[in-house]
Amino acid sequence: MAKEVKTIGVLTSGGDSPGMNAAIRGVVRTGLFRNLKVKGIRRGFAGLLNEEIIDMNRKSVSEIIQHGGTILYTARCEEFKELEYQKKAADICRKHGIDGVVVIGGDGSYRGAGALSEQGINTVGLPGTIDLDIACTDYTIGFDTAVNTAMEAIDKIRDTSTSHERCSIIEVMGRNAGYIALWCGIANGAEDVLLPEYYQGDEQQIIDHILANKKKKKSHHIIINAEGIGHSTSMSRRIEAATGIETRATILGYMQRGGMPTCRDRVFASVMGSMAADLLADGKTNRVVCYRDGKFVDMDLTEALNMKKEFWEEQYKICKIL
Ligand code: ADP
Ligand code: F6P
């Protein structure tokens with residue numbers, strides 16, 4: 001029989017992403033609506049181990065939906081991978097009367113949530129990462145904002161690349177996944193897109209493409225390089241030496257993780273946060289909330305972690321054709 005849940009906690013873990021605040025707000029306000037007590041756990045699993053636990057009310061989440069970052073702060077916590085600390089965290093939850101926890105983060109954070117549920121604390125995971133690299137869901141909180149931020153920055157770099165008739169390599173985030181790079185490749189009309197899922201390190205092919213475009217009087221050459229490939233600066237030096245065309249590298253970096261969340265990230269994160277609180281209120285555990293085939297659904301966390309994400313081969317083909 002599902003245990004009765006009276007108090008839930010919410011934490012953010014791993015890299016932050018725009019929309020996490022909207023998700024926190026969704027959890028807190030739905031939890032209160034379901035007559036639960038709601039606590040905020042600061043600094044992810046590290047904060048849980050340090051008992052950084054605060055009471056949350058409707059007002060605690062006022063004026064946050066429009067802001068990037070996370071009001072609960074986030075952290076990475078290596079020791080949480082060890083059983084000893086997972087047991088300690090569960091004891092701390094019990095000490096504070098916390099029956100269930102919503103964990104907002106990437107698949108590393110999901111593993112932490114799974115570990116906590118094994119120790120008897122109900123958990124629900126929400127996909128919070130700009131990387132879009134979680135297999136069970138077609139949407140992750142923050143991807144939309146991050147990819148729009150990257151797209152706008154690349155448009156600006158394109159302007160100056162054209163004026164100077166340069167080649168530009170722009171490196172976007174995504175850890176080992178190429179989703180931000182692929183989306184920008186299509187949205188920015190890049191000449192080349194280097195994705196960790198496909199790139200074999202053939203720089204000569206890029207050089208030949210640049211030279212062929214130069215012959216066609218193209219006034220710039222935009223290469224979007226994914227963080228998972230990296231080495232944009234050394235690549236730009238080699239390309240400049242081989243082509244004789246001035247080449248600059250720009251690493252967009254952390255600007256992609258911040259800023260005002262888009263409408264889509266605010267709405268989707270709010271819905272997912274609300275669903276997570278409902279799942280806990282209904283006594284569910286070891287679940288994740290996902291967006292699949294155009295619907296918000298929940299599924300088993302362990303099953304979700306065993307899924308493999310298929311890369312969008314079709315979109316990559318389209319990107320190359322365009
Ligand atoms: P993300 O959640 O964005 O994938 P990380 O992979 O850095 O980011 O994971 C965030 C945190 O989740 C880690 O610092 C750790 O506290 C916890 N975590 C990651 N992997 C595990 C694991 N195998 N077992 C328990 N906790 C984990
Ligand atoms: O997972 C989000 C992300 O921004 C990745 O794109 C990137 O590889 C990583 O986090 C950077 O992490 P950190 O904040 O530890 O430098």
# chains A, B, ... in the order shown; residues from 1 in each chain; ligands from 1
>>> closest_atom_pairs(of="chain A", to="ligand 2", cutoff="7 Å", atoms="only C-alpha atoms and all ligand atoms", output="JSON lines")
{"residue": "A:Gly14", "atom": "CA", "partner": "ligand 2", "partner_atom_place_in_ligand_line": "1 (O)", "distance": 6.9}
{"residue": "A:Gly15", "atom": "CA", "partner": "ligand 2", "partner_atom_place_in_ligand_line": "2 (C)", "distance": 4.7}
{"residue": "A:Asp16", "atom": "CA", "partner": "ligand 2", "partner_atom_place_in_ligand_line": "2 (C)", "distance": 7.0}
{"residue": "A:Thr129", "atom": "CA", "partner": "ligand 2", "partner_atom_place_in_ligand_line": "1 (O)", "distance": 5.6}
{"residue": "A:Ile130", "atom": "CA", "partner": "ligand 2", "partner_atom_place_in_ligand_line": "2 (C)", "distance": 5.6}
{"residue": "A:Asp131", "atom": "CA", "partner": "ligand 2", "partner_atom_place_in_ligand_line": "6 (O)", "distance": 5.5}
{"residue": "A:Met173", "atom": "CA", "partner": "ligand 2", "partner_atom_place_in_ligand_line": "6 (O)", "distance": 4.3}
{"residue": "A:Gly174", "atom": "CA", "partner": "ligand 2", "partner_atom_place_in_ligand_line": "6 (O)", "distance": 3.7}
{"residue": "A:Arg175", "atom": "CA", "partner": "ligand 2", "partner_atom_place_in_ligand_line": "8 (O)", "distance": 3.5}
{"residue": "A:Glu227", "atom": "CA", "partner": "ligand 2", "partner_atom_place_in_ligand_line": "8 (O)", "distance": 6.9}
{"residue": "A:Tyr254", "atom": "CA", "partner": "ligand 2", "partner_atom_place_in_ligand_line": "4 (O)", "distance": 6.8}
{"residue": "A:Arg257", "atom": "CA", "partner": "ligand 2", "partner_atom_place_in_ligand_line": "4 (O)", "distance": 6.2}
>>> closest_atom_pairs(of="region 274-293 of chain A", to="region 100-108 of chain A", cutoff="9 Å", atoms="only C-alpha atoms", output="CSV")
residue,atom,partner,partner_atom,distance
A:Ala276,CA,A:Val102,CA,6.7
A:Ala277,CA,A:Val102,CA,7.4
A:Leu280,CA,A:Gly100,CA,6.2
A:Ala281,CA,A:Gly100,CA,8.6
A:Gly283,CA,A:Gly100,CA,8.5
A:Lys284,CA,A:Gly100,CA,8.9
A:Thr285,CA,A:Gly100,CA,7.8
>>> write_last_selection(atoms="C-alpha atoms", output="PDB file, in the first residue's frame")
ATOM      1  CA  ALA A 276       5.602  15.860  -9.875  1.00  0.00           C
ATOM      2  CA  ALA A 277       3.886  17.199  -6.751  1.00  0.00           C
ATOM      3  CA  LEU A 280       4.142  12.425  -4.694  1.00  0.00           C
ATOM      4  CA  ALA A 281       0.796  13.421  -3.171  1.00  0.00           C
ATOM      5  CA  GLY A 283       2.025   8.168  -2.949  1.00  0.00           C
ATOM      6  CA  LYS A 284       3.995   7.362  -6.124  1.00  0.00           C
ATOM      7  CA  THR A 285       7.747   6.850  -6.067  1.00  0.00           C
TER       8      THR A 285
END
>>> closest_residue(among="A:Ile121, A:Val297, A:Met275, A:Cys136", to="Asp91 (chain A)", atoms="only C-alpha atoms")
A:Ile121
>>> residues_around(residues="Leu48 (chain A)", least_positions_apart="3", cutoff="9 Å", atoms="only C-alpha atoms", output="JSON list (two decimals) with N, CA and C atoms, in the first residue's frame")
[["chain", "number", "residue", "atom", "x", "y", "z"],
["A", 11, "LEU", "N", 14.46, 19.78, -4.76],
["A", 11, "LEU", "CA", 15.85, 20.23, -4.91],
["A", 11, "LEU", "C", 16.22, 20.30, -6.38],
["A", 41, "ILE", "N", 15.07, 22.18, -0.52],
["A", 41, "ILE", "CA", 16.39, 21.66, -0.11],
["A", 41, "ILE", "C", 17.40, 22.40, -0.97],
["A", 42, "ARG", "N", 18.27, 23.15, -0.31],
["A", 42, "ARG", "CA", 19.23, 23.97, -1.06],
["A", 42, "ARG", "C", 20.46, 23.17, -1.47],
["A", 43, "ARG", "N", 21.05, 23.56, -2.61],
["A", 43, "ARG", "CA", 22.33, 23.00, -3.09],
["A", 43, "ARG", "C", 22.29, 21.49, -3.33],
["A", 44, "GLY", "N", 21.23, 21.03, -3.92],
["A", 44, "GLY", "CA", 21.15, 19.64, -4.37],
["A", 44, "GLY", "C", 21.40, 18.62, -3.27],
["A", 45, "PHE", "N", 22.00, 17.49, -3.67],
["A", 45, "PHE", "CA", 22.23, 16.42, -2.70],
["A", 45, "PHE", "C", 23.25, 16.84, -1.65],
["A", 51, "GLU", "N", 21.82, 19.26, 5.57],
["A", 51, "GLU", "CA", 20.53, 19.68, 6.15],
["A", 51, "GLU", "C", 20.18, 21.13, 5.86],
["A", 52, "GLU", "N", 20.43, 21.53, 4.59],
["A", 52, "GLU", "CA", 20.06, 22.89, 4.20],
["A", 52, "GLU", "C", 18.60, 22.87, 3.72],
["A", 53, "ILE", "N", 17.72, 22.82, 4.69],
["A", 53, "ILE", "CA", 16.30, 22.59, 4.41],
["A", 53, "ILE", "C", 15.47, 23.77, 4.92],
["A", 89, "ALA", "N", 21.33, 10.54, 3.76],
["A", 89, "ALA", "CA", 20.37, 11.51, 3.21],
["A", 89, "ALA", "C", 18.93, 11.08, 3.53],
["A", 92, "ILE", "N", 18.18, 11.85, 7.02],
["A", 92, "ILE", "CA", 17.94, 13.30, 7.20],
["A", 92, "ILE", "C", 16.51, 13.66, 6.75],
["A", 93, "CYS", "N", 16.08, 13.08, 5.63],
["A", 93, "CYS", "CA", 14.70, 13.32, 5.17],
["A", 93, "CYS", "C", 13.72, 12.90, 6.27]]
>>> closest_residue(among="A:Ala150, A:Leu126, A:Leu72, A:Cys290", to="Leu252 (chain A)", atoms="only C-alpha atoms")
A:Ala150
